[in-house]
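Shown next: upload10.txt, given as compact mmCIF, C-alpha atoms and all ligand atoms.
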# COMPACT_ATOMS: atom_id res chain seq x y z
CA MET I 24 0.00 0.00 0.00
CA GLY I 25 1.27 3.45 -0.88
CA VAL I 26 2.39 6.13 1.52
CA MET I 27 -0.54 8.29 0.40
CA GLU I 28 -3.13 5.88 1.74
CA HIS I 29 -1.20 5.53 4.99
CA ASP I 30 -1.06 9.30 5.40
CA PHE I 31 -4.80 9.53 4.86
CA TRP I 32 -5.49 7.29 7.88
CA HIS I 33 -2.74 8.75 10.09
CA GLN I 34 -4.21 12.18 9.46
CA ARG I 35 -7.72 11.03 10.30
CA TRP I 36 -6.54 9.62 13.60
CA SER I 37 -4.45 12.66 14.49
CA GLU I 38 -7.38 14.98 13.75
CA GLY I 39 -9.87 12.77 15.56
CA ARG I 40 -11.97 12.25 12.41
CA ILE I 41 -12.99 8.76 13.44
CA GLY I 42 -16.74 8.73 12.83
CA PHE I 43 -16.45 5.00 12.12
CA HIS I 44 -15.62 4.27 15.76
CA GLN I 45 -18.54 2.91 17.75
CA ALA I 46 -19.00 3.60 21.45
CA GLU I 47 -20.94 0.36 21.84
CA VAL I 48 -20.26 -3.19 20.73
CA ASN I 49 -21.52 -3.81 17.19
CA THR I 50 -25.05 -5.24 17.13
CA PHE I 51 -24.37 -7.63 14.26
CA LEU I 52 -21.39 -9.04 16.15
CA LYS I 53 -23.53 -9.69 19.22
CA ASP I 54 -26.43 -11.10 17.20
CA TYR I 55 -24.56 -13.31 14.76
CA TRP I 56 -21.22 -14.36 16.22
CA SER I 57 -22.71 -17.54 17.74
CA GLN I 58 -23.48 -18.75 14.20
CA LEU I 59 -19.77 -19.35 13.73
CA GLU I 60 -20.14 -22.09 16.38
CA LEU I 61 -16.75 -21.53 17.99
CA GLY I 62 -17.75 -21.71 21.65
CA GLY I 63 -15.45 -18.81 22.44
CA GLN I 64 -12.41 -20.91 21.51
CA GLY I 65 -9.43 -20.01 19.34
CA GLY I 66 -7.86 -16.97 17.78
CA VAL I 67 -9.92 -14.24 16.14
CA PHE I 68 -8.30 -11.93 13.63
CA VAL I 69 -9.64 -8.37 13.40
CA PRO I 70 -8.16 -6.66 10.32
CA LEU I 71 -7.99 -2.84 10.25
CA CYS I 72 -9.18 -2.93 13.85
CA GLY I 73 -8.92 0.72 14.89
CA LYS I 74 -9.64 0.85 18.63
CA SER I 75 -12.82 -1.14 18.30
CA ARG I 76 -14.51 -2.25 21.51
CA ASP I 77 -15.68 -5.30 19.61
CA MET I 78 -12.26 -6.76 20.39
CA LEU I 79 -12.99 -6.61 24.12
CA TRP I 80 -16.31 -8.37 23.58
CA LEU I 81 -14.57 -11.15 21.63
CA LYS I 82 -11.92 -11.45 24.31
CA GLU I 83 -14.55 -11.67 27.03
CA LEU I 84 -16.16 -14.56 25.14
CA GLY I 85 -12.86 -16.40 25.53
CA HIS I 86 -11.11 -15.77 22.23
CA ASP I 87 -7.51 -14.70 21.75
CA VAL I 88 -7.85 -11.54 19.70
CA LEU I 89 -5.32 -10.47 17.10
CA GLY I 90 -5.87 -7.02 15.58
CA VAL I 91 -3.86 -5.27 12.91
CA GLU I 92 -3.95 -1.50 12.72
CA LEU I 93 -1.81 0.99 10.84
CA SER I 94 -2.16 3.82 13.32
CA ARG I 95 -0.01 3.70 16.42
CA GLU I 96 -2.26 6.36 17.89
CA ALA I 97 -5.25 4.02 17.50
CA CYS I 98 -3.38 1.11 19.10
CA GLU I 99 -2.25 3.25 22.01
CA SER I 100 -5.72 4.74 22.53
CA PHE I 101 -7.17 1.26 22.58
CA PHE I 102 -4.84 0.17 25.36
CA ALA I 103 -5.26 3.45 27.23
CA GLU I 104 -9.05 3.20 27.10
CA MET I 105 -8.87 -0.36 28.36
CA GLY I 106 -7.53 1.14 31.58
CA ALA I 107 -5.66 -1.00 34.06
CA VAL I 108 -6.36 -4.32 32.39
CA GLY I 109 -2.73 -4.99 31.58
CA SER I 110 0.50 -3.60 30.33
CA VAL I 111 1.62 -2.88 26.81
CA GLU I 112 4.74 -4.51 25.48
CA ARG I 113 6.68 -3.63 22.38
CA ARG I 114 7.60 -5.97 19.59
CA GLU I 115 10.20 -5.20 16.98
CA ALA I 116 8.54 -5.72 13.63
CA PHE I 117 4.91 -4.80 14.10
CA GLY I 118 4.65 -2.59 17.19
CA ALA I 119 2.47 -2.86 20.25
CA HIS I 120 1.59 -6.10 21.93
CA TYR I 121 -0.84 -6.77 24.73
CA SER I 122 -0.34 -10.04 26.44
CA GLU I 123 -3.64 -10.93 28.14
CA GLY I 124 -5.91 -12.04 25.35
CA ILE I 125 -5.50 -9.15 22.93
CA THR I 126 -2.56 -8.56 20.63
CA LEU I 127 -2.47 -5.55 18.36
CA LEU I 128 -0.02 -5.55 15.50
CA CYS I 129 0.65 -1.91 14.67
CA GLY I 130 1.52 -1.95 11.02
CA ASP I 131 0.35 -2.54 7.48
CA PHE I 132 -2.24 -5.27 6.91
CA PHE I 133 -0.65 -5.88 3.50
CA ALA I 134 2.62 -6.91 5.16
CA LEU I 135 1.02 -9.86 6.98
CA SER I 136 1.87 -13.47 6.22
CA GLU I 137 0.57 -16.93 7.23
CA TYR I 138 3.01 -16.73 10.11
CA GLU I 139 1.12 -14.05 12.07
CA LEU I 140 -2.25 -15.72 11.47
CA ASN I 141 -1.40 -19.32 12.23
CA ALA I 142 -3.58 -19.55 15.36
CA VAL I 143 -6.60 -17.86 13.80
CA VAL I 144 -9.89 -19.78 13.56
CA ALA I 145 -12.11 -16.83 12.63
CA VAL I 146 -12.06 -13.33 11.20
CA TYR I 147 -14.27 -10.40 12.17
CA ASP I 148 -14.41 -7.70 9.48
CA ARG I 149 -16.41 -4.61 10.33
CA ALA I 150 -15.43 -1.41 8.49
CA ALA I 151 -12.29 -3.04 7.05
CA LEU I 152 -13.18 -4.24 3.53
CA VAL I 153 -15.53 -1.29 3.07
CA ALA I 154 -12.79 1.14 4.15
CA LEU I 155 -10.74 0.31 1.06
CA PRO I 156 -11.12 1.48 -2.56
CA GLU I 157 -11.91 -1.16 -5.18
CA GLU I 158 -8.38 -2.06 -6.25
CA MET I 159 -7.30 -2.46 -2.63
CA ARG I 160 -10.36 -4.55 -1.82
CA LYS I 161 -9.13 -7.01 -4.43
CA ARG I 162 -5.67 -7.13 -2.88
CA TYR I 163 -7.21 -7.43 0.59
CA ALA I 164 -9.24 -10.47 -0.45
CA VAL I 165 -6.39 -12.07 -2.38
CA LEU I 166 -4.17 -11.82 0.69
CA LEU I 167 -6.79 -13.17 3.11
CA ASN I 168 -7.64 -16.02 0.74
CA ARG I 169 -3.96 -16.89 0.59
CA ILE I 170 -2.80 -16.56 4.21
CA LEU I 171 -5.76 -17.58 6.40
CA PRO I 172 -5.42 -21.05 7.93
CA LYS I 173 -7.58 -23.92 6.68
CA GLY I 174 -11.06 -24.23 8.17
CA VAL I 175 -11.33 -20.54 9.06
CA LYS I 176 -14.71 -18.77 9.21
CA LEU I 177 -15.40 -15.07 8.66
CA LEU I 178 -18.11 -12.74 9.88
CA LEU I 179 -18.12 -9.87 7.37
CA VAL I 180 -20.19 -6.70 7.60
CA THR I 181 -20.60 -4.72 4.37
CA LEU I 182 -22.45 -1.53 3.42
CA GLU I 183 -24.63 -0.91 0.38
CA PHE I 184 -25.61 2.58 -0.72
CA ASP I 185 -25.68 4.88 -3.75
CA ALA I 186 -22.39 6.73 -3.88
CA LEU I 187 -19.08 6.18 -5.57
CA THR I 188 -16.99 8.11 -3.08
CA GLY I 189 -15.63 6.83 0.19
CA PRO I 190 -14.54 5.60 2.61
CA PRO I 191 -16.74 3.88 3.42
CA PHE I 192 -17.35 2.29 0.04
CA SER I 193 -20.46 0.45 -1.05
CA VAL I 194 -19.73 -3.26 -1.61
CA SER I 195 -22.34 -5.30 -3.46
CA GLU I 196 -23.28 -8.94 -3.06
CA THR I 197 -21.75 -9.61 -6.49
CA GLU I 198 -18.47 -8.18 -5.32
CA VAL I 199 -18.47 -10.16 -2.06
CA ARG I 200 -19.00 -13.32 -4.13
CA THR I 201 -16.35 -12.37 -6.69
CA LEU I 202 -13.79 -11.70 -3.97
CA PHE I 203 -14.40 -14.74 -1.79
CA SER I 204 -16.43 -17.51 -3.47
CA GLN I 205 -13.45 -19.39 -4.83
CA ARG I 206 -12.39 -20.38 -1.34
CA PHE I 207 -15.51 -19.84 0.79
CA ASP I 208 -19.17 -20.77 0.95
CA ILE I 209 -20.99 -17.48 1.43
CA GLN I 210 -24.21 -17.03 3.36
CA ARG I 211 -26.10 -13.76 3.83
CA LEU I 212 -27.14 -13.77 7.49
CA GLY I 213 -29.09 -10.53 7.72
CA SER I 214 -29.19 -6.81 7.14
CA GLY I 215 -30.26 -3.56 8.71
CA CYS I 216 -30.58 0.12 7.90
CA ASP I 217 -28.05 2.69 9.02
CA GLY I 218 -29.36 6.02 7.73
CA ASP I 219 -29.20 5.89 3.93
CA LYS I 220 -26.98 2.80 4.01
CA THR I 221 -27.87 -0.86 4.26
CA GLU I 222 -25.57 -2.91 6.42
CA VAL I 223 -25.32 -6.53 5.40
CA VAL I 224 -23.77 -9.33 7.43
CA TRP I 225 -22.19 -12.39 5.82
CA LEU I 226 -20.90 -15.71 7.06
CA LEU I 227 -18.05 -17.18 5.04
CA ARG I 228 -17.02 -20.78 5.61
CA ASP I 229 -14.04 -22.56 4.11
CA LYS I 230 -15.21 -25.00 1.43
C1 LIG T 1 -12.93 2.60 8.93
S1 LIG T 1 -11.74 2.27 10.15
C2 LIG T 1 -12.48 0.88 11.00
C3 LIG T 1 -11.85 0.51 12.31
C4 LIG T 1 -12.54 -0.65 13.06
N1 LIG T 1 -12.69 -1.85 12.24
C5 LIG T 1 -13.87 -0.23 13.62
O1 LIG T 1 -14.88 -0.90 13.35
O2 LIG T 1 -13.91 0.77 14.36
C6 LIG T 1 -10.43 1.55 9.22
C7 LIG T 1 -9.14 1.42 10.00
O3 LIG T 1 -8.18 0.75 9.20
C8 LIG T 1 -6.90 1.31 9.42
N2 LIG T 1 -6.12 0.98 8.23
C9 LIG T 1 -6.25 1.50 6.99
N3 LIG T 1 -5.39 0.92 6.14
C10 LIG T 1 -4.70 -0.02 6.85
C11 LIG T 1 -3.66 -0.95 6.54
N4 LIG T 1 -3.16 -1.04 5.31
N5 LIG T 1 -3.20 -1.74 7.50
C12 LIG T 1 -3.70 -1.67 8.77
N6 LIG T 1 -4.67 -0.81 9.13
C13 LIG T 1 -5.16 0.02 8.19
C14 LIG T 1 -7.19 2.78 9.65
O4 LIG T 1 -6.17 3.42 10.39
C15 LIG T 1 -8.51 2.73 10.40
O5 LIG T 1 -8.30 2.74 11.80

With the file now loaded, output its structure as structure tokens.
Amino acid sequence: MGVMEHDFWHQRWSEGRIGFHQAEVNTFLKDYWSQLELGGQGGVFVPLCGKSRDMLWLKELGHDVLGVELSREACESFFAEMGAVGSVERREAFGAHYSEGITLLCGDFFALSEYELNAVVAVYDRAALVALPEEMRKRYAVLLNRILPKGVKLLLVTLEFDALTGPPFSVSETEVRTLFSQRFDIQRLGSGCDGDKTEVVWLLRDK
């Protein structure tokens, strides 16, 4: 990913333009996560995680959470807002590391390999795929399809609306299928309205 795209996000975080951040745990996550039938076991990967509280919810269910986030400011805010739950360690390559159930890799999603994701049994994507322009969505899916461990399941939340600008970007059912159907069975679990946008939630299962 180019420096320009990185700067865009760093600037948003430094100026506090983070309208995507939710004060509460995502409703789709709470309503649909049980359909992955994981019993709170195993690693959950949260790409482009920001400082999402959804990670705390997943951790409280019993999962080991692994987030990746470009912005150091976002990673540090996440730990700071978690309060006295634990200490932050540093790791050489990818930045901050929290040792009690949540690890945040501060760095570029596109630099990940199978190695970082080897303990992952599920992925939670909210505001990650839809945060990227079309060409990057392709690269995002190609990388996930290639490096996720066998048997993995994904809960994916997309947005559909009439506008070509973003982020967020509108992602159609056709696109979801084009990006992921080679590797995954894709099931539309539900949808809801968020202003002029329709939020759609998908379950992807390894074939
Ligand atoms: C729309 S926000 C969503 C954050 C989070 N998923 C949520 O629901 O609050 C997208 C996040 O992705 C991060 N990001 C963008 N490009 C990235 C990349 N290449 N690698 C890692 N993080 C990235 C941004 O800094 C931003 O925090």

Got a sec to check which residues lie within 9 Å of ligand LIG 1 (chain T), using all atoms listed in the file, and send them as a ChimeraX atom specification? /I:24-25,28-29,31-33,35-36,41-45,49,69-77,90-98,128-134,147-155,163,190-191

Just the number, please: distance in Å from atom CA of Val67 of chain I to atom CA of Asp54 of chain I, one decimal.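 One can read the atom CA of Val67 of chain I to atom CA of Asp54 of chain I distance as 16.8 Å.
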
Can you measure atom CA of Phe207 of chain I to atom CA of Gly63 of chain I for me? One decimal in Å is fine.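 About the pair atom CA of Phe207 of chain I and atom CA of Gly63 of chain I: they are 21.7 Å apart.
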
By how many Å are atom CA of Ala145 of chain I and atom CA of Leu59 of chain I apart?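 Going from atom CA of Ala145 of chain I over to atom CA of Leu59 of chain I covers 8.1 Å.
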
Among I:Ala46, I:Val144, I:Met78, I:Leu89, Gln64 of chain I is approached most closely, using only C-alpha atoms, by I:Val144

Spatial neighbours of Leu166 of chain I, 12 Å, all atoms listed in the file, chain gap at least 5 places, as a list in words: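 Returned residues: Pro70, Phe132, Phe133, Ala134, Leu135, Ser136, Glu137, Leu140, Met159, Arg160, Lys161, Leu171, Pro172, Leu202 and Phe203 of chain I.
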
Selected residue of minimal separation from Gly66 of chain I among I:Glu183, I:Glu198, I:Asp87, I:Glu99, counting only C-alpha atoms: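 Of the candidates, the smallest distance to Gly66 of chain I is held by I:Asp87.
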
Among the residues I:Tyr138, I:Phe184, I:Tyr55, I:Phe68, the one that comes closest to Gly213 of chain I [using all atoms listed in the file]: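 Residue with the minimum atom-to-atom distance to Gly213 of chain I: I:Tyr55.
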
May I have the residues at most 6 Å from (-20.8, -1.3, 3.6) in the file's coordinates, counting only C-alpha atoms, as a PyMOL selection string? chain I and resi 153+181-183+193-194+222

Counting only C-alpha atoms, the option among I:Lys230, I:Met105, I:Val223, I:Phe192 closest to Glu158 of chain I: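 Of I:Lys230, I:Met105, I:Val223, I:Phe192, the one nearest Glu158 of chain I is I:Phe192, counting only C-alpha atoms.
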